[in-house]
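Asks: mmCIF, N, CA and C atoms and all ligand atoms, saved as protein21.cif, coming up:
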```
data_work
loop_
_atom_site.label_atom_id
_atom_site.label_comp_id
_atom_site.auth_asym_id
_atom_site.auth_seq_id
_atom_site.Cartn_x
_atom_site.Cartn_y
_atom_site.Cartn_z
N MET G 1 51.42 6.52 27.64
CA MET G 1 51.44 7.16 28.95
C MET G 1 50.27 8.14 29.08
N LYS G 2 49.54 8.01 30.20
CA LYS G 2 48.33 8.82 30.37
C LYS G 2 48.52 9.88 31.46
N ILE G 3 48.07 11.07 31.12
CA ILE G 3 48.21 12.20 32.05
C ILE G 3 46.85 12.86 32.23
N LEU G 4 46.51 13.10 33.50
CA LEU G 4 45.27 13.78 33.84
C LEU G 4 45.55 15.27 34.04
N VAL G 5 44.80 16.09 33.31
CA VAL G 5 44.94 17.55 33.43
C VAL G 5 43.73 18.07 34.20
N LEU G 6 43.99 18.63 35.37
CA LEU G 6 42.91 19.11 36.24
C LEU G 6 42.95 20.63 36.37
N HIS G 7 41.79 21.23 36.23
CA HIS G 7 41.64 22.68 36.42
C HIS G 7 40.63 22.89 37.52
N GLY G 8 41.00 23.70 38.51
CA GLY G 8 40.12 23.92 39.65
C GLY G 8 39.21 25.12 39.48
N ALA G 9 38.87 25.70 40.62
CA ALA G 9 37.80 26.69 40.70
C ALA G 9 38.02 27.90 39.81
N ASN G 10 36.97 28.27 39.13
CA ASN G 10 36.87 29.51 38.33
C ASN G 10 37.67 29.49 37.03
N LEU G 11 38.35 28.39 36.76
CA LEU G 11 39.17 28.36 35.53
C LEU G 11 38.32 28.16 34.28
N ASN G 12 37.05 27.76 34.46
CA ASN G 12 36.11 27.75 33.33
C ASN G 12 35.84 29.17 32.83
N MET G 13 36.18 30.17 33.63
CA MET G 13 35.93 31.57 33.27
C MET G 13 37.12 32.21 32.55
N LEU G 14 38.16 31.43 32.30
CA LEU G 14 39.33 32.02 31.62
C LEU G 14 38.92 32.62 30.29
N GLY G 15 39.56 33.73 29.96
CA GLY G 15 39.21 34.47 28.75
C GLY G 15 38.35 35.67 29.10
N LEU G 16 37.46 35.47 30.11
CA LEU G 16 36.58 36.55 30.56
C LEU G 16 37.06 37.11 31.89
N ARG G 17 37.67 36.24 32.65
CA ARG G 17 37.98 36.52 34.05
C ARG G 17 39.29 37.30 34.17
N GLU G 18 39.26 38.52 34.70
CA GLU G 18 40.46 39.31 34.99
C GLU G 18 41.57 39.06 33.95
N PRO G 19 41.32 39.40 32.68
CA PRO G 19 42.30 39.07 31.64
C PRO G 19 43.66 39.75 31.85
N ASN G 20 43.65 40.87 32.60
CA ASN G 20 44.93 41.53 32.90
C ASN G 20 45.82 40.65 33.78
N ILE G 21 45.21 39.73 34.52
CA ILE G 21 45.98 38.81 35.39
C ILE G 21 46.14 37.44 34.73
N TYR G 22 45.03 36.95 34.14
CA TYR G 22 45.05 35.55 33.68
C TYR G 22 45.15 35.39 32.17
N GLY G 23 45.19 36.53 31.44
CA GLY G 23 45.32 36.45 29.99
C GLY G 23 43.97 36.28 29.30
N SER G 24 44.00 36.25 27.99
CA SER G 24 42.75 36.23 27.22
C SER G 24 42.42 34.86 26.64
N ASN G 25 43.30 33.87 26.85
CA ASN G 25 42.99 32.53 26.33
C ASN G 25 41.87 31.88 27.13
N THR G 26 40.99 31.18 26.41
CA THR G 26 39.96 30.41 27.10
C THR G 26 40.54 29.06 27.54
N LEU G 27 39.79 28.39 28.42
CA LEU G 27 40.24 27.07 28.86
C LEU G 27 40.29 26.10 27.69
N LYS G 28 39.33 26.24 26.78
CA LYS G 28 39.31 25.34 25.61
C LYS G 28 40.57 25.55 24.76
N GLU G 29 40.95 26.80 24.58
CA GLU G 29 42.17 27.07 23.81
C GLU G 29 43.40 26.46 24.48
N ILE G 30 43.44 26.58 25.80
CA ILE G 30 44.59 26.00 26.53
C ILE G 30 44.58 24.48 26.38
N ASN G 31 43.41 23.86 26.56
CA ASN G 31 43.33 22.41 26.43
C ASN G 31 43.68 21.95 25.01
N ASP G 32 43.21 22.71 24.01
CA ASP G 32 43.50 22.34 22.61
C ASP G 32 45.01 22.40 22.34
N ARG G 33 45.66 23.43 22.89
CA ARG G 33 47.12 23.55 22.68
C ARG G 33 47.86 22.40 23.36
N LEU G 34 47.40 22.05 24.57
CA LEU G 34 48.02 20.92 25.28
C LEU G 34 47.83 19.62 24.51
N THR G 35 46.66 19.48 23.88
CA THR G 35 46.39 18.27 23.10
C THR G 35 47.38 18.16 21.94
N GLN G 36 47.65 19.29 21.29
CA GLN G 36 48.67 19.29 20.21
C GLN G 36 50.04 18.92 20.76
N ASP G 37 50.41 19.53 21.89
CA ASP G 37 51.72 19.22 22.50
C ASP G 37 51.81 17.74 22.86
N ALA G 38 50.70 17.20 23.35
CA ALA G 38 50.71 15.80 23.79
C ALA G 38 51.02 14.85 22.64
N ILE G 39 50.54 15.20 21.44
CA ILE G 39 50.83 14.35 20.28
C ILE G 39 52.34 14.31 20.06
N GLU G 40 52.94 15.50 20.09
CA GLU G 40 54.40 15.59 19.89
C GLU G 40 55.16 14.84 20.99
N LEU G 41 54.63 14.91 22.21
CA LEU G 41 55.32 14.29 23.35
C LEU G 41 55.00 12.80 23.48
N GLY G 42 54.01 12.34 22.73
CA GLY G 42 53.67 10.92 22.77
C GLY G 42 52.94 10.52 24.04
N VAL G 43 52.11 11.41 24.56
CA VAL G 43 51.31 11.08 25.74
C VAL G 43 49.83 11.34 25.45
N SER G 44 48.98 10.75 26.27
CA SER G 44 47.54 10.90 26.08
C SER G 44 46.96 11.67 27.27
N LEU G 45 46.16 12.69 26.97
CA LEU G 45 45.64 13.55 28.04
C LEU G 45 44.15 13.34 28.27
N SER G 46 43.72 13.43 29.52
CA SER G 46 42.29 13.58 29.84
C SER G 46 42.15 14.88 30.64
N PHE G 47 41.03 15.55 30.42
CA PHE G 47 40.85 16.88 31.02
C PHE G 47 39.63 16.90 31.93
N LEU G 48 39.75 17.64 33.02
CA LEU G 48 38.58 17.90 33.86
C LEU G 48 38.73 19.28 34.50
N GLN G 49 37.67 20.08 34.40
CA GLN G 49 37.60 21.32 35.18
C GLN G 49 36.43 21.18 36.14
N SER G 50 36.64 21.58 37.40
CA SER G 50 35.51 21.60 38.33
C SER G 50 35.67 22.74 39.33
N ASN G 51 34.52 23.27 39.73
CA ASN G 51 34.49 24.27 40.78
C ASN G 51 34.24 23.63 42.14
N HIS G 52 34.21 22.29 42.16
CA HIS G 52 33.88 21.55 43.37
C HIS G 52 35.07 20.70 43.81
N GLU G 53 35.50 20.97 45.01
CA GLU G 53 36.67 20.28 45.55
C GLU G 53 36.50 18.75 45.51
N GLY G 54 35.32 18.28 45.92
CA GLY G 54 35.10 16.84 45.98
C GLY G 54 35.15 16.17 44.62
N VAL G 55 34.71 16.89 43.59
CA VAL G 55 34.77 16.33 42.22
C VAL G 55 36.23 16.15 41.80
N LEU G 56 37.05 17.12 42.15
CA LEU G 56 38.48 17.01 41.82
C LEU G 56 39.12 15.86 42.61
N ILE G 57 38.73 15.73 43.87
CA ILE G 57 39.27 14.65 44.71
C ILE G 57 38.86 13.29 44.14
N ASP G 58 37.60 13.16 43.73
CA ASP G 58 37.15 11.89 43.14
C ASP G 58 37.93 11.58 41.87
N ALA G 59 38.21 12.60 41.06
CA ALA G 59 38.96 12.38 39.82
C ALA G 59 40.40 11.95 40.13
N ILE G 60 40.97 12.51 41.18
CA ILE G 60 42.33 12.11 41.57
C ILE G 60 42.32 10.66 42.05
N HIS G 61 41.33 10.28 42.83
CA HIS G 61 41.24 8.88 43.28
C HIS G 61 41.06 7.94 42.09
N ALA G 62 40.23 8.36 41.13
CA ALA G 62 39.96 7.50 39.96
C ALA G 62 41.21 7.36 39.08
N ALA G 63 42.16 8.26 39.26
CA ALA G 63 43.39 8.20 38.46
C ALA G 63 44.36 7.13 38.97
N PHE G 64 44.10 6.63 40.18
CA PHE G 64 45.01 5.64 40.78
C PHE G 64 45.16 4.42 39.88
N GLN G 65 46.38 4.09 39.55
CA GLN G 65 46.73 2.95 38.68
C GLN G 65 46.14 3.06 37.28
N VAL G 66 45.69 4.25 36.90
CA VAL G 66 45.15 4.48 35.56
C VAL G 66 45.99 5.53 34.84
N GLN G 67 46.27 6.63 35.55
CA GLN G 67 47.03 7.74 34.97
C GLN G 67 48.45 7.71 35.56
N GLN G 68 49.41 8.09 34.72
CA GLN G 68 50.81 8.06 35.21
C GLN G 68 51.27 9.42 35.73
N GLY G 69 50.52 10.48 35.40
CA GLY G 69 50.92 11.80 35.87
C GLY G 69 49.71 12.70 36.00
N ILE G 70 49.84 13.74 36.82
CA ILE G 70 48.78 14.74 36.96
C ILE G 70 49.39 16.12 36.76
N LEU G 71 48.74 16.90 35.90
CA LEU G 71 49.07 18.32 35.72
C LEU G 71 47.89 19.08 36.30
N ILE G 72 48.13 19.90 37.30
CA ILE G 72 46.99 20.55 37.98
C ILE G 72 47.21 22.04 38.20
N ASN G 73 46.17 22.80 37.84
CA ASN G 73 46.04 24.17 38.32
C ASN G 73 44.84 24.15 39.26
N PRO G 74 45.07 24.12 40.55
CA PRO G 74 43.93 24.00 41.47
C PRO G 74 43.13 25.30 41.61
N GLY G 75 43.60 26.40 40.99
CA GLY G 75 42.93 27.68 41.19
C GLY G 75 43.02 28.04 42.67
N ALA G 76 41.95 28.62 43.21
CA ALA G 76 41.99 29.07 44.61
C ALA G 76 42.13 27.91 45.60
N PHE G 77 41.80 26.68 45.17
CA PHE G 77 41.99 25.53 46.07
C PHE G 77 43.46 25.33 46.43
N THR G 78 44.35 25.89 45.61
CA THR G 78 45.79 25.86 45.92
C THR G 78 46.06 26.31 47.35
N HIS G 79 45.33 27.37 47.73
CA HIS G 79 45.65 28.06 48.97
C HIS G 79 44.79 27.60 50.14
N THR G 80 43.87 26.68 49.86
CA THR G 80 42.90 26.29 50.91
C THR G 80 42.80 24.79 51.13
N SER G 81 43.17 23.98 50.13
CA SER G 81 42.72 22.59 50.15
C SER G 81 43.76 21.57 50.64
N VAL G 82 43.67 21.28 51.92
CA VAL G 82 44.44 20.15 52.46
C VAL G 82 43.91 18.86 51.84
N ALA G 83 42.60 18.84 51.53
CA ALA G 83 41.97 17.62 51.01
C ALA G 83 42.49 17.25 49.61
N ILE G 84 42.70 18.25 48.76
CA ILE G 84 43.26 17.93 47.42
C ILE G 84 44.71 17.49 47.57
N ARG G 85 45.43 18.16 48.44
CA ARG G 85 46.82 17.73 48.69
C ARG G 85 46.85 16.27 49.17
N ASP G 86 45.98 15.92 50.12
CA ASP G 86 45.97 14.56 50.66
C ASP G 86 45.56 13.56 49.59
N ALA G 87 44.64 13.97 48.70
CA ALA G 87 44.22 13.06 47.61
C ALA G 87 45.41 12.75 46.70
N ILE G 88 46.17 13.78 46.33
CA ILE G 88 47.34 13.56 45.45
C ILE G 88 48.36 12.68 46.17
N ALA G 89 48.59 12.97 47.45
CA ALA G 89 49.55 12.16 48.21
C ALA G 89 49.06 10.72 48.31
N SER G 90 47.76 10.52 48.44
CA SER G 90 47.25 9.15 48.63
C SER G 90 47.39 8.30 47.38
N VAL G 91 47.26 8.90 46.20
CA VAL G 91 47.42 8.09 44.97
C VAL G 91 48.87 8.01 44.54
N ASN G 92 49.72 8.91 45.09
CA ASN G 92 51.15 8.89 44.82
C ASN G 92 51.48 8.95 43.32
N ILE G 93 50.74 9.79 42.61
CA ILE G 93 50.98 9.98 41.17
C ILE G 93 51.81 11.25 41.00
N PRO G 94 52.94 11.17 40.25
CA PRO G 94 53.75 12.37 40.04
C PRO G 94 52.90 13.52 39.51
N THR G 95 53.00 14.66 40.18
CA THR G 95 52.12 15.80 39.90
C THR G 95 52.92 17.08 39.73
N VAL G 96 52.56 17.85 38.70
CA VAL G 96 53.13 19.18 38.51
C VAL G 96 52.01 20.19 38.70
N GLU G 97 52.30 21.21 39.50
CA GLU G 97 51.34 22.29 39.80
C GLU G 97 51.66 23.47 38.90
N VAL G 98 50.63 24.02 38.27
CA VAL G 98 50.86 25.19 37.41
C VAL G 98 49.90 26.32 37.78
N HIS G 99 50.36 27.54 37.51
CA HIS G 99 49.54 28.73 37.68
C HIS G 99 49.80 29.68 36.54
N LEU G 100 48.76 30.30 36.06
CA LEU G 100 48.91 31.32 35.01
C LEU G 100 49.68 32.53 35.55
N SER G 101 49.24 33.01 36.72
CA SER G 101 49.89 34.18 37.31
C SER G 101 51.03 33.72 38.22
N ASN G 102 51.92 34.65 38.53
CA ASN G 102 52.99 34.34 39.48
C ASN G 102 52.45 34.54 40.88
N ILE G 103 52.02 33.44 41.51
CA ILE G 103 51.35 33.55 42.81
C ILE G 103 52.29 34.13 43.87
N HIS G 104 53.58 34.05 43.63
CA HIS G 104 54.55 34.52 44.64
C HIS G 104 54.73 36.03 44.64
N LYS G 105 54.23 36.68 43.60
CA LYS G 105 54.31 38.15 43.66
C LYS G 105 52.92 38.78 43.76
N ARG G 106 51.95 37.99 44.22
CA ARG G 106 50.60 38.50 44.40
C ARG G 106 50.28 38.66 45.89
N GLU G 107 48.98 38.70 46.23
CA GLU G 107 48.60 38.89 47.64
C GLU G 107 49.24 37.79 48.50
N GLU G 108 49.45 38.12 49.75
CA GLU G 108 50.12 37.17 50.65
C GLU G 108 49.37 35.84 50.73
N PHE G 109 48.02 35.91 50.71
CA PHE G 109 47.25 34.66 50.86
C PHE G 109 47.43 33.73 49.68
N ARG G 110 47.91 34.27 48.54
CA ARG G 110 48.13 33.40 47.37
C ARG G 110 49.54 32.81 47.35
N GLN G 111 50.37 33.26 48.25
CA GLN G 111 51.78 32.87 48.17
C GLN G 111 52.05 31.51 48.81
N HIS G 112 51.05 30.99 49.52
CA HIS G 112 51.22 29.65 50.09
C HIS G 112 50.41 28.64 49.29
N SER G 113 51.06 27.55 48.95
CA SER G 113 50.37 26.45 48.26
C SER G 113 50.41 25.21 49.13
N PHE G 114 49.21 24.63 49.35
CA PHE G 114 49.15 23.34 50.05
C PHE G 114 49.62 22.20 49.15
N ILE G 115 49.61 22.45 47.84
CA ILE G 115 49.94 21.38 46.89
C ILE G 115 51.45 21.26 46.67
N ALA G 116 52.14 22.40 46.66
CA ALA G 116 53.56 22.41 46.28
C ALA G 116 54.42 21.38 47.03
N PRO G 117 54.24 21.20 48.34
CA PRO G 117 55.13 20.27 49.04
C PRO G 117 55.01 18.81 48.60
N ILE G 118 53.88 18.45 47.95
CA ILE G 118 53.76 17.06 47.51
C ILE G 118 53.83 16.96 45.97
N ALA G 119 54.12 18.09 45.32
CA ALA G 119 54.29 18.09 43.85
C ALA G 119 55.75 17.88 43.50
N ILE G 120 55.98 17.43 42.25
CA ILE G 120 57.37 17.39 41.77
C ILE G 120 57.90 18.81 41.74
N GLY G 121 57.07 19.72 41.24
CA GLY G 121 57.47 21.11 41.15
C GLY G 121 56.29 21.97 40.74
N GLN G 122 56.56 23.26 40.68
CA GLN G 122 55.50 24.23 40.39
C GLN G 122 55.99 25.20 39.32
N ILE G 123 55.12 25.51 38.36
CA ILE G 123 55.44 26.51 37.33
C ILE G 123 54.37 27.58 37.42
N SER G 124 54.80 28.81 37.59
CA SER G 124 53.88 29.88 37.96
C SER G 124 54.31 31.17 37.28
N GLY G 125 53.38 31.82 36.57
CA GLY G 125 53.68 33.17 36.09
C GLY G 125 53.85 33.32 34.60
N PHE G 126 53.67 32.25 33.84
CA PHE G 126 53.91 32.32 32.39
C PHE G 126 52.61 32.31 31.58
N GLY G 127 51.51 32.65 32.24
CA GLY G 127 50.23 32.64 31.53
C GLY G 127 49.92 31.24 31.04
N ALA G 128 49.26 31.16 29.89
CA ALA G 128 48.89 29.84 29.34
C ALA G 128 50.12 28.97 29.11
N GLU G 129 51.26 29.60 28.90
CA GLU G 129 52.50 28.83 28.69
C GLU G 129 52.87 28.00 29.92
N SER G 130 52.41 28.42 31.11
CA SER G 130 52.72 27.63 32.32
C SER G 130 52.24 26.19 32.15
N TYR G 131 51.05 26.03 31.55
CA TYR G 131 50.53 24.67 31.34
C TYR G 131 51.43 23.88 30.40
N ARG G 132 51.89 24.55 29.31
CA ARG G 132 52.71 23.84 28.31
C ARG G 132 54.06 23.45 28.93
N LEU G 133 54.64 24.40 29.68
CA LEU G 133 55.91 24.11 30.36
C LEU G 133 55.72 23.00 31.38
N GLY G 134 54.59 23.06 32.09
CA GLY G 134 54.30 22.06 33.10
C GLY G 134 54.16 20.67 32.49
N LEU G 135 53.48 20.60 31.35
CA LEU G 135 53.33 19.30 30.70
C LEU G 135 54.69 18.75 30.28
N ARG G 136 55.52 19.62 29.68
CA ARG G 136 56.86 19.16 29.28
C ARG G 136 57.68 18.70 30.48
N ALA G 137 57.58 19.47 31.57
CA ALA G 137 58.33 19.12 32.78
C ALA G 137 57.86 17.77 33.34
N LEU G 138 56.55 17.55 33.32
CA LEU G 138 56.00 16.30 33.83
C LEU G 138 56.44 15.12 32.97
N VAL G 139 56.35 15.30 31.65
CA VAL G 139 56.76 14.21 30.75
C VAL G 139 58.26 13.96 30.88
N ALA G 140 59.05 15.01 31.03
CA ALA G 140 60.51 14.84 31.20
C ALA G 140 60.80 14.07 32.49
N HIS G 141 60.00 14.31 33.51
CA HIS G 141 60.16 13.58 34.77
C HIS G 141 59.79 12.10 34.59
N LEU G 142 58.71 11.87 33.84
CA LEU G 142 58.22 10.49 33.68
C LEU G 142 59.03 9.70 32.66
N LYS G 143 59.56 10.42 31.62
CA LYS G 143 60.33 9.74 30.56
C LYS G 143 61.64 10.49 30.36
N PRO G 144 62.56 10.45 31.31
CA PRO G 144 63.78 11.24 31.16
C PRO G 144 64.58 10.81 29.94
N ILE G 145 65.11 11.81 29.21
CA ILE G 145 65.94 11.46 28.04
C ILE G 145 67.42 11.75 28.32
N ILE G 146 67.70 12.45 29.42
CA ILE G 146 69.11 12.65 29.80
C ILE G 146 69.28 12.32 31.27
C1 LIG U 1 45.63 30.75 39.78
C2 LIG U 1 46.09 31.59 40.97
C3 LIG U 1 45.13 31.46 42.14
O1 LIG U 1 45.55 32.27 43.23
C4 LIG U 1 43.73 31.90 41.74
O2 LIG U 1 42.83 31.70 42.80
C5 LIG U 1 43.27 31.24 40.49
C6 LIG U 1 44.20 31.08 39.39
C7 LIG U 1 46.52 30.98 38.54
O3 LIG U 1 46.47 30.16 37.64
O4 LIG U 1 47.23 32.00 38.46
O5 LIG U 1 42.11 30.90 40.36
O6 LIG U 1 45.72 29.38 40.12
#
```
Let me see the structure of the file written as structure tokens.
Ligand code: DQA
Replies:
Amino acid sequence: MKILVLHGANLNMLGLREPNIYGSNTLKEINDRLTQDAIELGVSLSFLQSNHEGVLIDAIHAAFQVQQGILINPGAFTHTSVAIRDAIASVNIPTVEVHLSNIHKREEFRQHSFIAPIAIGQISGFGAESYRLGLRALVAHLKPII
């Protein structure tokens, strides 16, 4: 089972960027931890980070009939991108949205997600653990054991 892990705008700056909000882990550390989890879960991951909406959209289109799930932290595109939402809806691949910070207790403009209505669910506020929880939730959705 193949899962595409997408990181949106500014997430390449993790570790340096507002560590009081986003923690001190780098994106590489997060991806490495997910890779370890994936072995245990029996799934194969591909990773992409981009600061460009169109690059993320192209990757979502390329996932059609190739990847069985998408784990995405769209970064600020969460709150702006109808186009990423439409891309996910168009490929109809089960998607889990994750955020390091709890977007619901931050500025009002961060409290709305264009992605959430077409996602299986959203995990927000657990720092780097949000990705790990999100991956488990996605795999549990794709391969239910109960
Ligand atoms: C974020 C939350 C967004 O509001 C912000 O623009 C980000 C990171 C998070 O993971 O907490 O870039 O998606």
Asks: Given the point (41.9, 36.7, 25.0) in the file's coordinates, find the residues that have an atom at most 6.5 Å from it, counting only N, CA and C atoms, and give them as a PyMOL selection string.
Replies: chain G and resi 15+23-26
Asks: If the limit is 6.5 Å from any atom of ligand LIG 1 (chain U), counting only N, CA and C atoms and all ligand atoms, which residues qualify? Return them as a ChimeraX atom specification.
Replies: /G:9-11,22,73-77,98-103,110,125
Asks: Write out as a VMD selection string the set of residues from chain G that DSSP, computed on the backbone, places in helix (DSSP H, G or I).
Replies: chain G and resid 11 to 13 19 to 22 27 to 41 53 to 62 75 to 79 82 to 91 103 to 105 108 to 110 116 to 118 129 to 142
Asks: Rounded to one decimal place, report the atom CA of G:Pro144-atom C of G:Val43 distance in Å.
Replies: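 Value for the atom CA of G:Pro144-atom C of G:Val43 distance: 15.1 Å.
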Asks: Do a neighbour search on stretch 30-38 of chain G at 7 Å with only N, CA and C atoms, toss out local chain neighbours closer than 5 positions, and write the hits as a list in words.
Replies: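 So, after excluding close chain neighbours, the residues are Asn25, Val43, Ser44, Leu45, Ala128, Tyr131 and Arg132 of chain G.
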Asks: Nearest residue to G:Ser46 out of G:Gln111, G:Thr78, G:Ser124, G:Gln68, using only C-alpha atoms?
Replies: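 Looking only at the distances to G:Ser46, the closest residue turns out to be G:Gln68.
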Asks: Between atom N of G:Ile57 and atom CA of G:Arg136, what is the distance, to one decimal in Å?
Replies: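 Taking atom N of G:Ile57 and atom CA of G:Arg136, their separation equals 23.5 Å.
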Asks: Could you please write out, as a PyMOL selection string, every residue of chain G that DSSP assigns to strand (DSSP E or B)?
Replies: chain G and resi 2-7+44-49+69-73+95-99+121-124
Asks: Output the selection as a CSV table (one decimal), keeping the file's coordinate frame - N, CA and C atoms for each residue.
Replies:
```csv
chain,number,residue,atom,x,y,z
G,2,LYS,N,49.5,8.0,30.2
G,2,LYS,CA,48.3,8.8,30.4
G,2,LYS,C,48.5,9.9,31.5
G,3,ILE,N,48.1,11.1,31.1
G,3,ILE,CA,48.2,12.2,32.0
G,3,ILE,C,46.8,12.9,32.2
G,4,LEU,N,46.5,13.1,33.5
G,4,LEU,CA,45.3,13.8,33.8
G,4,LEU,C,45.6,15.3,34.0
G,5,VAL,N,44.8,16.1,33.3
G,5,VAL,CA,44.9,17.6,33.4
G,5,VAL,C,43.7,18.1,34.2
G,6,LEU,N,44.0,18.6,35.4
G,6,LEU,CA,42.9,19.1,36.2
G,6,LEU,C,43.0,20.6,36.4
G,7,HIS,N,41.8,21.2,36.2
G,7,HIS,CA,41.6,22.7,36.4
G,7,HIS,C,40.6,22.9,37.5
G,44,SER,N,49.0,10.8,26.3
G,44,SER,CA,47.5,10.9,26.1
G,44,SER,C,47.0,11.7,27.3
G,45,LEU,N,46.2,12.7,27.0
G,45,LEU,CA,45.6,13.6,28.0
G,45,LEU,C,44.2,13.3,28.3
G,46,SER,N,43.7,13.4,29.5
G,46,SER,CA,42.3,13.6,29.8
G,46,SER,C,42.2,14.9,30.6
G,47,PHE,N,41.0,15.6,30.4
G,47,PHE,CA,40.8,16.9,31.0
G,47,PHE,C,39.6,16.9,31.9
G,48,LEU,N,39.8,17.6,33.0
G,48,LEU,CA,38.6,17.9,33.9
G,48,LEU,C,38.7,19.3,34.5
G,49,GLN,N,37.7,20.1,34.4
G,49,GLN,CA,37.6,21.3,35.2
G,49,GLN,C,36.4,21.2,36.1
G,69,GLY,N,50.5,10.5,35.4
G,69,GLY,CA,50.9,11.8,35.9
G,69,GLY,C,49.7,12.7,36.0
G,70,ILE,N,49.8,13.7,36.8
G,70,ILE,CA,48.8,14.7,37.0
G,70,ILE,C,49.4,16.1,36.8
G,71,LEU,N,48.7,16.9,35.9
G,71,LEU,CA,49.1,18.3,35.7
G,71,LEU,C,47.9,19.1,36.3
G,72,ILE,N,48.1,19.9,37.3
G,72,ILE,CA,47.0,20.6,38.0
G,72,ILE,C,47.2,22.0,38.2
G,73,ASN,N,46.2,22.8,37.8
G,73,ASN,CA,46.0,24.2,38.3
G,73,ASN,C,44.8,24.2,39.3
G,95,THR,N,53.0,14.7,40.2
G,95,THR,CA,52.1,15.8,39.9
G,95,THR,C,52.9,17.1,39.7
G,96,VAL,N,52.6,17.8,38.7
G,96,VAL,CA,53.1,19.2,38.5
G,96,VAL,C,52.0,20.2,38.7
G,97,GLU,N,52.3,21.2,39.5
G,97,GLU,CA,51.3,22.3,39.8
G,97,GLU,C,51.7,23.5,38.9
G,98,VAL,N,50.6,24.0,38.3
G,98,VAL,CA,50.9,25.2,37.4
G,98,VAL,C,49.9,26.3,37.8
G,99,HIS,N,50.4,27.5,37.5
G,99,HIS,CA,49.5,28.7,37.7
G,99,HIS,C,49.8,29.7,36.5
G,121,GLY,N,57.1,19.7,41.2
G,121,GLY,CA,57.5,21.1,41.2
G,121,GLY,C,56.3,22.0,40.7
G,122,GLN,N,56.6,23.3,40.7
G,122,GLN,CA,55.5,24.2,40.4
G,122,GLN,C,56.0,25.2,39.3
G,123,ILE,N,55.1,25.5,38.4
G,123,ILE,CA,55.4,26.5,37.3
G,123,ILE,C,54.4,27.6,37.4
G,124,SER,N,54.8,28.8,37.6
G,124,SER,CA,53.9,29.9,38.0
G,124,SER,C,54.3,31.2,37.3
```
Asks: Which is closer to G:Ile120 than all the others in G:Ile146, G:Ile93, G:Leu16, G:Leu133, using only N, CA and C atoms?
Replies: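 Of all the options, G:Ile93 lies closest to G:Ile120.
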Asks: Here is a test: counting only N, CA and C atoms, which residue of G:His112, G:Lys28, G:His104, G:His61 is nearest to G:Ala87?
Replies: G:His61
Asks: Could you list, as a list in words, every residue within 12 Å of G:Ala137, counting only C-alpha atoms and ignoring same-chain residues fewer than 2 positions away?
Replies: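 Residues near the query, excluding close chain neighbours: Leu41, Gly69, Ile70, Leu71, Pro94, Thr95, Val96, Glu97, Val98, Ala119, Ile120, Gly121, Gln122, Ile123, Ser130, Tyr131, Arg132, Leu133, Gly134, Leu135, Val139, Ala140, His141, Leu142, Lys143, Pro144 and Ile145 of chain G.
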Asks: Which residues are close to G:Leu48, i.e. within 5 Å by only N, CA and C atoms, leaving aside same-chain residues fewer than 3 positions away? Reply as a VMD selection string.
Replies: chain G and resid 5 to 7
Asks: Would you work out the distance separating atom CA of G:Ser50 from atom N of G:Ile3, expressed in Å to one decimal?
Replies: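 Interatomic distance here is 17.9 Å.
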